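Participant: Coordinates in structure_29.txt, compact mmCIF, C-alpha atoms, are listed below.
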# COMPACT_ATOMS: atom_id res chain seq x y z
CA MET A 1109 -11.98 -8.07 8.05
CA PHE A 1110 -12.59 -4.53 9.28
CA ALA A 1111 -11.39 -4.34 12.87
CA PRO A 1112 -13.24 -1.76 15.00
CA GLN A 1113 -11.12 0.91 16.62
CA LYS A 1114 -12.23 3.07 19.52
CA LYS A 1115 -10.45 6.28 18.73
CA LEU A 1116 -7.86 7.66 16.34
CA THR A 1117 -4.73 8.88 18.08
CA ASN A 1118 -1.25 9.94 17.02
CA SER A 1119 0.49 7.06 18.79
CA TYR A 1120 0.11 4.38 16.16
CA PRO A 1121 2.58 1.49 16.18
CA LYS A 1122 5.44 2.29 13.84
CA ALA A 1123 5.90 -0.13 10.93
CA GLY A 1124 8.65 -2.57 11.73
CA LEU A 1125 9.41 -1.04 15.10
CA PRO A 1126 7.02 -2.37 17.75
CA GLY A 1127 6.44 -0.15 20.74
CA SER A 1128 7.58 3.10 19.14
CA LYS A 1129 5.56 5.89 17.60
CA ARG A 1130 4.50 5.79 13.98
CA VAL A 1131 6.19 8.34 11.74
CA ILE A 1132 3.15 10.50 11.06
CA GLY A 1133 5.08 12.48 8.47
CA PHE A 1134 5.02 9.52 6.09
CA ASP A 1135 1.22 9.51 6.31
CA LEU A 1136 1.15 13.25 5.63
CA ALA A 1137 3.39 12.76 2.59
CA ARG A 1138 1.10 9.99 1.36
CA THR A 1139 -1.88 12.33 1.68
CA PHE A 1140 -0.03 14.98 -0.32
CA ALA A 1141 0.84 12.42 -3.01
CA VAL A 1142 -2.74 11.18 -3.36
CA PHE A 1143 -4.11 14.72 -3.62
CA GLY A 1144 -1.51 15.58 -6.24
CA MET A 1145 -2.47 12.50 -8.27
CA VAL A 1146 -6.14 13.46 -8.04
CA LEU A 1147 -5.39 16.91 -9.49
CA VAL A 1148 -3.29 15.49 -12.31
CA ASN A 1149 -5.92 12.92 -13.26
CA PHE A 1150 -8.89 15.27 -12.95
CA LYS A 1151 -7.34 17.89 -15.21
CA VAL A 1152 -6.42 15.27 -17.82
CA VAL A 1153 -9.87 13.69 -18.09
CA MET A 1154 -11.47 17.14 -18.11
CA GLY A 1155 -9.23 18.29 -20.96
CA ALA A 1156 -8.29 21.22 -18.74
CA GLU A 1157 -4.50 21.01 -18.84
CA ARG A 1158 -4.07 24.19 -20.89
CA ASN A 1159 -7.47 25.76 -20.32
CA GLY A 1160 -6.53 28.48 -17.87
CA PRO A 1161 -4.14 31.36 -17.18
CA ASP A 1162 -0.43 30.63 -17.63
CA TRP A 1163 0.35 30.84 -13.91
CA LEU A 1164 -2.32 28.24 -13.13
CA VAL A 1165 -1.13 25.98 -15.95
CA GLN A 1166 2.41 26.20 -14.55
CA LEU A 1167 1.20 25.50 -11.01
CA ALA A 1168 -0.80 22.44 -12.09
CA GLY A 1169 2.13 21.22 -14.17
CA LEU A 1170 4.29 20.99 -11.04
CA PHE A 1171 2.36 17.86 -10.03
CA ASP A 1172 2.74 16.01 -13.34
CA GLY A 1173 4.74 12.86 -12.70
CA ARG A 1174 5.83 14.21 -9.31
CA ALA A 1175 2.85 13.14 -7.19
CA ALA A 1176 2.98 9.58 -8.55
CA ALA A 1177 6.75 9.45 -8.06
CA LEU A 1178 6.30 10.54 -4.43
CA PHE A 1179 3.72 7.78 -4.02
CA VAL A 1180 6.21 5.16 -5.25
CA VAL A 1181 9.11 6.52 -3.15
CA LEU A 1182 6.88 6.26 -0.08
CA ALA A 1183 6.17 2.63 -0.94
CA GLY A 1184 9.91 2.04 -0.88
CA VAL A 1185 10.14 3.72 2.53
CA GLY A 1186 7.44 1.38 3.81
CA ILE A 1187 9.30 -1.67 2.50
CA ALA A 1188 12.49 -0.51 4.21
CA LEU A 1189 10.69 -0.10 7.54
CA MET A 1190 8.99 -3.46 7.18
CA SER A 1191 12.28 -5.28 6.54
CA ARG A 1192 14.42 -3.23 8.93
CA ARG A 1193 14.75 -5.80 11.70
CA GLY A 1194 15.71 -8.64 9.38
CA ARG A 1195 18.13 -6.46 7.42
CA GLU A 1196 19.92 -4.93 10.40
CA ASN A 1197 20.17 -8.25 12.26
CA GLY A 1198 21.14 -10.24 9.18
CA ASP A 1199 18.18 -12.54 9.90
CA ALA A 1200 17.74 -14.54 6.68
CA THR A 1201 14.61 -16.26 8.00
CA LEU A 1202 12.88 -12.99 8.76
CA LEU A 1203 13.89 -11.50 5.40
CA THR A 1204 12.46 -14.56 3.67
CA ALA A 1205 9.20 -14.06 5.53
CA ASN A 1206 9.21 -10.39 4.49
CA ARG A 1207 9.77 -11.38 0.86
CA ARG A 1208 6.89 -13.82 1.00
CA THR A 1209 4.53 -11.18 2.37
CA LEU A 1210 5.66 -8.61 -0.17
CA LEU A 1211 5.20 -11.02 -3.07
CA LYS A 1212 1.64 -11.72 -1.92
CA ARG A 1213 0.89 -8.00 -1.76
CA ALA A 1214 2.58 -7.43 -5.11
CA THR A 1215 0.32 -10.07 -6.64
CA PHE A 1216 -2.75 -8.50 -5.04
CA LEU A 1217 -1.90 -5.04 -6.39
CA PHE A 1218 -1.05 -6.39 -9.83
CA VAL A 1219 -4.37 -8.21 -10.12
CA VAL A 1220 -6.44 -5.33 -8.70
CA GLY A 1221 -4.62 -2.93 -11.01
CA LEU A 1222 -5.34 -5.01 -14.10
CA LEU A 1223 -9.01 -5.30 -13.11
CA TYR A 1224 -9.04 -1.52 -12.62
CA THR A 1225 -7.31 -0.74 -15.94
CA PRO A 1226 -10.42 -0.97 -18.18
CA LEU A 1227 -11.98 1.74 -16.00
CA TRP A 1228 -8.77 3.77 -15.57
CA PRO A 1229 -6.13 3.09 -18.28
CA ALA A 1230 -3.55 5.23 -16.45
CA ASP A 1231 -3.61 2.89 -13.42
CA ILE A 1232 -0.42 2.67 -11.40
CA LEU A 1233 -1.34 -0.28 -9.16
CA HIS A 1234 -0.35 -3.08 -11.56
CA PHE A 1235 2.99 -1.33 -12.11
CA TYR A 1236 3.26 -1.03 -8.33
CA GLY A 1237 2.89 -4.78 -8.01
CA VAL A 1238 5.85 -5.39 -10.34
CA TYR A 1239 7.97 -2.76 -8.54
CA ILE A 1240 7.38 -4.49 -5.21
CA ALA A 1241 8.07 -7.95 -6.62
CA LEU A 1242 11.42 -6.74 -7.97
CA ALA A 1243 12.20 -5.03 -4.66
CA THR A 1244 12.22 -8.41 -2.93
CA LEU A 1245 15.38 -9.25 -4.88
CA VAL A 1246 17.34 -6.49 -3.12
CA LEU A 1247 15.63 -6.46 0.26
CA GLY A 1248 18.85 -7.00 2.20
CA ALA A 1249 21.21 -5.32 -0.26
CA SER A 1250 23.78 -2.73 0.80
CA ALA A 1251 23.25 0.97 0.08
CA LYS A 1252 25.98 0.90 -2.58
CA ARG A 1253 24.31 -1.97 -4.37
CA MET A 1254 20.96 -0.17 -4.23
CA VAL A 1255 22.49 2.95 -5.78
CA LEU A 1256 24.02 0.78 -8.49
CA CYS A 1257 20.62 -0.79 -9.20
CA ILE A 1258 19.03 2.66 -9.53
CA ALA A 1259 21.76 3.71 -11.96
CA LEU A 1260 21.29 0.52 -13.97
CA VAL A 1261 17.50 0.86 -14.39
CA VAL A 1262 17.81 4.53 -15.41
CA THR A 1263 20.56 3.69 -17.89
CA ALA A 1264 18.63 0.69 -19.21
CA PHE A 1265 15.72 2.93 -20.16
CA VAL A 1266 18.03 5.32 -22.03
CA VAL A 1267 19.43 2.38 -24.00
CA MET A 1268 15.93 1.10 -24.75
CA ILE A 1269 14.56 4.43 -25.95
CA ASN A 1270 17.51 4.78 -28.31
CA THR A 1271 17.01 1.32 -29.79
CA LEU A 1272 13.21 0.81 -29.65
CA ASP A 1273 10.26 2.87 -30.88
CA TYR A 1274 8.75 4.60 -27.86
CA ASN A 1275 5.61 5.53 -29.81
CA ILE A 1276 4.50 1.95 -30.58
CA GLY A 1277 0.94 1.40 -29.39
CA TRP A 1278 0.22 5.03 -28.56
CA ASN A 1279 -2.35 7.43 -29.94
CA TRP A 1280 -1.05 10.56 -28.27
CA LEU A 1281 -4.11 12.62 -29.20
CA THR A 1282 -6.43 10.39 -27.18
CA LEU A 1283 -3.84 8.91 -24.81
CA SER A 1284 -5.09 5.45 -25.77
CA TYR A 1285 -2.84 2.41 -26.11
CA SER A 1286 -3.59 -0.29 -28.66
CA GLY A 1287 -2.66 -3.91 -28.05
CA PHE A 1288 -2.42 -3.57 -24.27
CA TRP A 1289 -4.11 -6.93 -23.67
CA THR A 1290 -1.76 -8.83 -25.98
CA PRO A 1291 1.33 -10.45 -24.38
CA ALA A 1292 3.74 -8.28 -26.38
CA GLY A 1293 1.73 -5.11 -25.84
CA MET A 1294 1.37 -5.62 -22.10
CA LEU A 1295 5.06 -6.43 -21.71
CA ARG A 1296 6.05 -3.35 -23.72
CA HIS A 1297 3.61 -1.11 -21.85
CA MET A 1298 4.67 -2.52 -18.49
CA PHE A 1299 8.42 -2.24 -18.88
CA PHE A 1300 9.06 0.41 -21.51
CA ASN A 1301 6.46 2.88 -22.74
CA GLY A 1302 3.49 2.73 -20.37
CA PHE A 1303 2.38 5.50 -18.04
CA HIS A 1304 4.74 4.34 -15.25
CA PRO A 1305 7.10 1.80 -16.87
CA VAL A 1306 9.07 -0.51 -14.62
CA LEU A 1307 12.22 0.74 -16.34
CA PRO A 1308 13.06 3.22 -14.92
CA TRP A 1309 10.22 3.82 -12.41
CA VAL A 1310 11.30 0.99 -10.12
CA GLY A 1311 14.23 3.32 -9.39
CA PHE A 1312 11.84 5.49 -7.34
CA LEU A 1313 10.94 2.49 -5.18
CA LEU A 1314 14.62 1.69 -4.66
CA LEU A 1315 15.25 5.34 -3.74
CA GLY A 1316 12.51 5.06 -1.13
CA MET A 1317 14.08 1.90 0.25
CA LEU A 1318 17.30 3.84 0.72
CA LEU A 1319 15.49 6.78 2.29
CA GLY A 1320 13.68 4.43 4.68
CA ARG A 1321 17.05 3.51 6.19
CA VAL A 1322 17.60 7.13 7.30
CA ASP A 1323 16.37 8.03 10.78
CA LEU A 1324 14.28 11.01 9.69
CA ALA A 1325 11.96 10.92 12.70
CA SER A 1326 14.61 11.24 15.39
CA SER A 1327 17.24 13.31 13.63
CA PRO A 1328 16.54 16.92 12.56
CA ARG A 1329 20.04 16.94 11.05
CA ALA A 1330 19.16 13.98 8.84
CA ARG A 1331 15.96 15.70 7.76
CA ARG A 1332 17.86 18.86 6.82
CA ARG A 1333 20.41 16.90 4.83
CA VAL A 1334 17.76 14.94 2.95
CA PHE A 1335 15.81 18.13 2.24
CA LEU A 1336 18.84 20.07 1.02
CA TRP A 1337 20.22 17.22 -1.07
CA GLY A 1338 16.79 16.59 -2.56
CA MET A 1339 16.26 20.24 -3.43
CA GLY A 1340 19.80 20.51 -4.78
CA VAL A 1341 19.34 17.53 -7.09
CA MET A 1342 15.94 18.78 -8.26
CA ILE A 1343 17.17 22.32 -8.95
CA ALA A 1344 20.25 21.01 -10.76
CA ALA A 1345 18.15 18.70 -12.95
CA GLU A 1346 15.61 21.39 -13.77
CA SER A 1347 18.37 23.92 -14.51
CA ILE A 1348 20.26 21.55 -16.81
CA SER A 1349 16.98 20.73 -18.55
CA TRP A 1350 16.19 24.42 -19.07
CA ILE A 1351 19.64 25.13 -20.48
CA PHE A 1352 19.61 22.16 -22.85
CA VAL A 1353 16.06 22.70 -24.06
CA ASN A 1354 16.66 26.36 -24.79
CA HIS A 1355 20.00 25.69 -26.48
CA PHE A 1356 18.85 22.87 -28.76
CA SER A 1357 15.48 24.46 -29.54
CA LYS A 1358 16.95 27.54 -31.20
CA GLY A 1359 15.78 27.59 -34.80
CA ALA A 1360 14.08 24.19 -34.40
CA SER A 1361 10.75 23.31 -35.96
CA PHE A 1362 7.76 22.33 -33.82
CA LEU A 1363 8.43 18.61 -34.28
CA GLU A 1364 12.14 19.06 -33.61
CA ARG A 1365 11.33 20.96 -30.42
CA LEU A 1366 9.14 18.05 -29.29
CA ASP A 1367 12.12 15.74 -29.76
CA VAL A 1368 14.31 18.09 -27.73
CA LEU A 1369 11.74 18.18 -24.92
CA SER A 1370 11.54 14.38 -24.96
CA LEU A 1371 15.30 14.06 -24.57
CA TYR A 1372 16.10 16.91 -22.20
CA GLY A 1373 12.82 17.87 -20.57
CA THR A 1374 11.61 16.82 -17.14
CA ASP A 1375 8.17 15.58 -18.16
CA PRO A 1376 7.28 12.04 -17.02
CA MET A 1377 6.75 10.67 -20.52
CA PRO A 1378 9.27 9.57 -21.56
CA PRO A 1379 10.93 9.26 -18.12
CA MET A 1380 14.44 10.33 -19.04
CA PRO A 1381 17.23 10.72 -16.43
CA LEU A 1382 16.64 14.45 -15.83
CA TYR A 1383 13.01 13.71 -14.97
CA MET A 1384 14.07 10.89 -12.64
CA PHE A 1385 16.52 13.17 -10.81
CA ALA A 1386 14.05 16.07 -10.61
CA ALA A 1387 11.10 13.98 -9.38
CA GLY A 1388 13.21 11.84 -7.05
CA GLY A 1389 14.90 14.85 -5.48
CA LEU A 1390 11.59 16.62 -4.96
CA ALA A 1391 10.04 13.49 -3.41
CA CYS A 1392 12.87 13.25 -0.86
CA SER A 1393 12.52 16.93 0.05
CA ILE A 1394 8.75 16.69 0.47
CA ILE A 1395 9.09 13.61 2.69
CA ALA A 1396 11.69 15.38 4.86
CA VAL A 1397 9.38 18.39 5.25
CA MET A 1398 6.36 16.24 6.05
CA VAL A 1399 8.25 14.25 8.67
CA ALA A 1400 9.41 17.52 10.24
CA LEU A 1401 5.82 18.80 10.32
CA GLY A 1402 4.64 15.52 11.81
CA GLU A 1403 7.23 15.70 14.57
CA ARG A 1404 6.69 19.42 15.23
CA PHE A 1405 2.89 19.27 15.33
CA SER A 1406 2.37 15.70 16.50
CA HIS A 1407 -0.32 16.74 18.99
CA ALA A 1408 -2.05 19.37 16.86
CA ARG A 1409 -5.72 18.76 16.10
CA TRP A 1410 -5.28 19.05 12.34
CA ILE A 1411 -2.67 16.27 12.15
CA SER A 1412 -4.98 13.33 12.83
CA PRO A 1413 -7.40 13.91 9.91
CA LEU A 1414 -4.54 14.35 7.43
CA ALA A 1415 -2.68 11.32 8.79
CA ALA A 1416 -5.84 9.22 8.58
CA THR A 1417 -6.22 10.25 4.94
CA GLY A 1418 -2.72 9.03 4.14
CA GLN A 1419 -3.48 5.69 5.77
CA LEU A 1420 -6.38 5.19 3.34
CA ALA A 1421 -4.28 6.07 0.28
CA LEU A 1422 -5.03 2.88 -1.65
CA THR A 1423 -8.78 3.19 -1.12
CA LEU A 1424 -8.78 6.88 -2.01
CA TYR A 1425 -6.72 6.27 -5.15
CA VAL A 1426 -9.41 3.93 -6.48
CA ALA A 1427 -12.23 6.12 -5.10
CA HIS A 1428 -11.09 9.24 -6.95
CA VAL A 1429 -11.92 7.48 -10.23
CA VAL A 1430 -14.88 5.32 -9.22
CA VAL A 1431 -16.56 7.89 -6.99
CA GLY A 1432 -14.99 11.25 -7.84
CA MET A 1433 -15.03 10.98 -11.62
CA GLY A 1434 -18.29 9.04 -11.45
CA ILE A 1435 -20.03 11.96 -9.75
CA LEU A 1436 -18.50 14.46 -12.17
CA GLU A 1437 -19.60 12.39 -15.15
CA ALA A 1438 -23.13 12.06 -13.80
CA ALA A 1439 -23.23 15.84 -13.38
CA GLY A 1440 -21.94 16.35 -16.94
CA CYS A 1441 -18.78 18.04 -15.66
CA LEU A 1442 -16.11 15.57 -16.75
CA GLU A 1443 -15.20 17.04 -20.14
CA ASN A 1444 -14.26 20.42 -21.61
CA GLN A 1445 -13.73 22.11 -18.27
CA SER A 1446 -11.43 24.91 -17.19
CA LEU A 1447 -8.32 24.34 -15.12
CA ALA A 1448 -9.88 26.42 -12.35
CA PHE A 1449 -12.81 23.99 -12.25
CA ALA A 1450 -10.37 21.05 -12.11
CA PHE A 1451 -8.75 22.65 -9.05
CA LEU A 1452 -12.18 23.22 -7.50
CA ALA A 1453 -13.21 19.59 -8.11
CA THR A 1454 -9.91 18.39 -6.68
CA ALA A 1455 -10.28 20.56 -3.59
CA SER A 1456 -13.82 19.27 -3.04
CA PHE A 1457 -12.71 15.65 -3.32
CA CYS A 1458 -9.76 16.26 -1.00
CA VAL A 1459 -11.84 17.95 1.69
CA ALA A 1460 -14.41 15.16 1.56
CA SER A 1461 -11.61 12.57 1.71
CA VAL A 1462 -10.08 14.12 4.82
CA LEU A 1463 -13.40 14.31 6.65
CA LEU A 1464 -14.54 10.81 5.70
CA SER A 1465 -11.12 9.26 6.37
CA PHE A 1466 -10.98 10.81 9.83
CA LEU A 1467 -14.46 9.55 10.68
CA TYR A 1468 -13.78 6.11 9.20
CA ARG A 1469 -10.52 5.68 11.15
CA ARG A 1470 -12.29 6.36 14.42
CA PHE A 1471 -14.05 3.03 14.00
CA PHE A 1472 -11.85 0.93 11.73
CA LYS A 1473 -8.15 0.19 11.80
CA ARG A 1474 -7.63 0.07 8.01
CA GLY A 1475 -9.37 1.33 4.90
CA PRO A 1476 -11.59 -1.07 2.90
CA LEU A 1477 -9.01 -1.95 0.24
CA GLU A 1478 -6.15 -1.88 2.73
CA ALA A 1479 -8.05 -4.31 4.97
CA LEU A 1480 -8.89 -6.55 2.02
CA MET A 1481 -5.24 -6.69 1.01
CA ARG A 1482 -4.16 -7.59 4.56
CA PHE A 1483 -6.93 -10.19 4.82
CA ILE A 1484 -5.87 -11.90 1.59
CA THR A 1485 -2.09 -11.55 1.87
CA GLY A 1486 -1.55 -11.59 5.62
The structure given in the file should be rewritten as structure tokens.

Facilitator:
Amino acid sequence: MFAPQKKLTNSYPKAGLPGSKRVIGFDLARTFAVFGMVLVNFKVVMGAERNGPDWLVQLAGLFDGRAAALFVVLAGVGIALMSRRGRENGDATLLTANRRTLLKRATFLFVVGLLYTPLWPADILHFYGVYIALATLVLGASAKRMVLCIALVVTAFVVMINTLDYNIGWNWLTLSYSGFWTPAGMLRHMFFNGFHPVLPWVGFLLLGMLLGRVDLASSPRARRRVFLWGMGVMIAAESISWIFVNHFSKGASFLERLDVLSLYGTDPMPPMPLYMFAAGGLACSIIAVMVALGERFSHARWISPLAATGQLALTLYVAHVVVGMGILEAAGCLENQSLAFAFLATASFCVASVLLSFLYRRFFKRGPLEALMRFITG
């Protein structure tokens, strides 16, 4: 299952494009996404979200819902690269084979995610499985149709939140969800009011599938355009949010202000359109920057350890709970901590992850969970 590898280099085969170099920047972006998710999750379980100076609270808040969104966008990029040959050649047989492989991996992630949920209720893997399964329906779709699908899923969520009770199942004080294991509860949590609901989060995956069709590695001009458009969309969304929140919060009570923030804020829960635009735009900009760094410093010594870390993203995502939080709990450091300590714990986990990933990849081609998924799904 674990294939030995003599030495880690920067000339990995590129997904979907045999014989060419791997886009190291995507691995760097994946590393950044995983580390951001570790910070978000550590500070939540430690109860440290507001336990620090304002500047640190604001800094940590930048990762909320953004790191996970970047993770999903990158999955879409990977799907686009995987299906590129079949899509560009109009090869229905190859696209069918791609769909079959993706459905197997979607099933694997869904099952692993559900098994992981009792340990980590905020799991994203089972959502991930549904995103990927739905992506197979539009694998060969045109860019215009993909944009239409993104608009539809974002709009569908707005309709749902205005007709259904978003709070059903939630205890917001403890972030616990009752009835998750019932058919109705799981369906509601999965598609509407869970941590990463399919509607509208599958839109991030579709955005990544569009981004994966852009030649970021070979075209500095394309990278600049993606970066500028991404930053423009993010800044516009955040600015509109700030204006609306301040306008409608004047003279409002505490509860009324919470409603205003839910409608016009850019927090990930609920994932309203302004959040989707802000997080999606930022994800595109980060990916463009990371690809540029990967191309510019492709032979630098520091690239290989960071790239190796991104290639073990699935394993590290599970490890940050099982190992990282496990160690913190054993040391009595998992609750009532400061935000500064959450940053310190995150930094320690990230440094250890980079070192261990680099060493691991010198001998094995894929991470443990990545290899298991390939072994089972092909």

Participant: Choose the residue, out of A:Ala1391, A:Leu1363, A:Leu1295, A:Ile1132, that has the smallest atom-to-atom separation from A:Trp1337; count only C-alpha atoms.

Facilitator: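 Closest residue, counting only C-alpha atoms: A:Ala1391.
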
Participant: Can I get the residues of stretch 1239-1298 of chain A within 10 Å of stretch 1193-1201 of chain A, each with the closest pair of atoms and their distance in Å to one decimal, using all atoms listed in the file, sorted chain first then ascending number, as a Markdown table?

Facilitator:
| residue | atom | partner | partner_atom | distance |
| --- | --- | --- | --- | --- |
| A:Leu1247 | CA | A:Arg1195 | CA | 7.6 |
| A:Gly1248 | CA | A:Arg1195 | CA | 5.3 |
| A:Ala1249 | CA | A:Arg1195 | CA | 8.4 |
| A:Ser1250 | CA | A:Arg1195 | CA | 9.5 |

Participant: Calculate how many Å separate atom CA of A:Thr1374 from atom CA of A:Asp1172, rounding to one decimal.

Facilitator: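 That distance, rounded to one decimal, is 9.7 Å.
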
Participant: What separation in Å, quoted to one decimal, exists between atom CA of A:Ala1421 and atom CA of A:Gly1186?

Facilitator: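 Taking atom CA of A:Ala1421 and atom CA of A:Gly1186, their separation equals 13.1 Å.
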
Participant: Between atom CA of A:Gly1389 and atom CA of A:Leu1319, measure the distance and give it in Å to one decimal.

Facilitator: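 These atoms are spaced 11.2 Å apart.
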
Participant: Counting all atoms listed in the file, figure out which residue out of A:Val1261, A:Ala1416, A:Ala1214, A:Val1368 gets nearest to A:Ser1461.

Facilitator: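 With all atoms listed in the file as the atom set, the closest residue is A:Ala1416.
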
Participant: Please list as a ChimeraX atom specification every residue within 7 Å of stretch 1344-1351 of chain A, counting only C-alpha atoms and excluding residues in the same chain fewer than 3 positions away.

Facilitator: /A:1340-1341,1354-1355,1372-1374,1382,1385-1386

Participant: Which is closer to A:Ile1269 than all the others in A:Met1380, A:Leu1136, A:Cys1257, A:Ala1205, using only C-alpha atoms?

Facilitator: A:Met1380

Participant: Which residues, protein or nucleic acid, reach to within 12 Å of (4.6, 8.4, -28.1) in the file's coordinates when using all atoms listed in the file, and can you give that as a PyMOL selection string?

Facilitator: chain A and resi 1269+1272-1286+1297+1300-1303+1366-1367+1370+1376-1379

Participant: Out of A:Arg1329, A:Arg1207, A:Ala1264, A:Val1306, which residue has the shortest atom-to-atom distance to A:Tyr1239 when counting only C-alpha atoms?

Facilitator: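 Among the listed residues, A:Val1306 lies closest to A:Tyr1239.
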
Participant: As a ChimeraX atom specification, please: the residues near A:Ser1406 (cut-off 9 Å, all atoms listed in the file, same-chain neighbours under 5 positions excluded).

Facilitator: /A:1118,1132,1401,1411-1412

Participant: Applying 9 Å and only C-alpha atoms, which residues near A:Gly1311 remain after dropping the ones on its own chain fewer than 4 positions away? List them as a list of chain:residue names.

Facilitator: A:Val1181, A:Tyr1239, A:Cys1257, A:Ile1258, A:Ala1259, A:Leu1260, A:Val1261, A:Val1262, A:Val1306, A:Leu1307, A:Leu1315, A:Gly1316, A:Met1384, A:Gly1388

Participant: Using C-alpha atoms, can you write the selected residues to a file as a PDB file, in the coordinates of the input?

Facilitator:
ATOM      1  CA  VAL A1181       9.110   6.520  -3.150  1.00  0.00           C
ATOM      2  CA  TYR A1239       7.970  -2.760  -8.540  1.00  0.00           C
ATOM      3  CA  CYS A1257      20.620  -0.790  -9.200  1.00  0.00           C
ATOM      4  CA  ILE A1258      19.030   2.660  -9.530  1.00  0.00           C
ATOM      5  CA  ALA A1259      21.760   3.710 -11.960  1.00  0.00           C
ATOM      6  CA  LEU A1260      21.290   0.520 -13.970  1.00  0.00           C
ATOM      7  CA  VAL A1261      17.500   0.860 -14.390  1.00  0.00           C
ATOM      8  CA  VAL A1262      17.810   4.530 -15.410  1.00  0.00           C
ATOM      9  CA  VAL A1306       9.070  -0.510 -14.620  1.00  0.00           C
ATOM     10  CA  LEU A1307      12.220   0.740 -16.340  1.00  0.00           C
ATOM     11  CA  LEU A1315      15.250   5.340  -3.740  1.00  0.00           C
ATOM     12  CA  GLY A1316      12.510   5.060  -1.130  1.00  0.00           C
ATOM     13  CA  MET A1384      14.070  10.890 -12.640  1.00  0.00           C
ATOM     14  CA  GLY A1388      13.210  11.840  -7.050  1.00  0.00           C
TER      15      GLY A1388
END

Participant: Using only C-alpha atoms, which residues sit within 12 Å of A:Gln1445 once same-chain residues fewer than 4 positions away are excluded, as a PDB file with C-alpha atoms, in the coordinates of the input?

Facilitator:
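Once everything was written out, this is around21.pdb:
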ATOM      1  CA  PHE A1150      -8.890  15.270 -12.950  1.00  0.00           C
ATOM      2  CA  LYS A1151      -7.340  17.890 -15.210  1.00  0.00           C
ATOM      3  CA  VAL A1152      -6.420  15.270 -17.820  1.00  0.00           C
ATOM      4  CA  VAL A1153      -9.870  13.690 -18.090  1.00  0.00           C
ATOM      5  CA  MET A1154     -11.470  17.140 -18.110  1.00  0.00           C
ATOM      6  CA  GLY A1155      -9.230  18.290 -20.960  1.00  0.00           C
ATOM      7  CA  ALA A1156      -8.290  21.220 -18.740  1.00  0.00           C
ATOM      8  CA  GLU A1157      -4.500  21.010 -18.840  1.00  0.00           C
ATOM      9  CA  ARG A1158      -4.070  24.190 -20.890  1.00  0.00           C
ATOM     10  CA  ASN A1159      -7.470  25.760 -20.320  1.00  0.00           C
ATOM     11  CA  GLY A1160      -6.530  28.480 -17.870  1.00  0.00           C
ATOM     12  CA  LEU A1436     -18.500  14.460 -12.170  1.00  0.00           C
ATOM     13  CA  GLU A1437     -19.600  12.390 -15.150  1.00  0.00           C
ATOM     14  CA  GLY A1440     -21.940  16.350 -16.940  1.00  0.00           C
ATOM     15  CA  CYS A1441     -18.780  18.040 -15.660  1.00  0.00           C
ATOM     16  CA  PHE A1449     -12.810  23.990 -12.250  1.00  0.00           C
ATOM     17  CA  ALA A1450     -10.370  21.050 -12.110  1.00  0.00           C
ATOM     18  CA  PHE A1451      -8.750  22.650  -9.050  1.00  0.00           C
ATOM     19  CA  LEU A1452     -12.180  23.220  -7.500  1.00  0.00           C
ATOM     20  CA  ALA A1453     -13.210  19.590  -8.110  1.00  0.00           C
TER      21      ALA A1453
END

Participant: Under the rule that all atoms listed in the file are counted, which of A:Asp1375, A:Ser1465, A:Cys1458, A:Phe1235 is the nearest residue to A:Leu1170?

Facilitator: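 Smallest separation from A:Leu1170 among the options: A:Asp1375.
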
Participant: Pick the closest to A:Ala1330 from A:Ser1393, A:Asn1270, A:Thr1417, A:Asn1206: which is it, counting all atoms listed in the file?

Facilitator: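 Once distances to A:Ala1330 are computed over all atoms listed in the file, the minimum belongs to A:Ser1393.
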
Participant: When you look at stretch 1429-1431 of chain A with a cut-off of 9 Å (counting only C-alpha atoms), what residues show up, excluding the ones that are within fewer than 3 positions of it in the same chain? I need them as a PyMOL selection string.

Facilitator: chain A and resi 1146+1149-1150+1227-1228+1424-1426+1434-1436
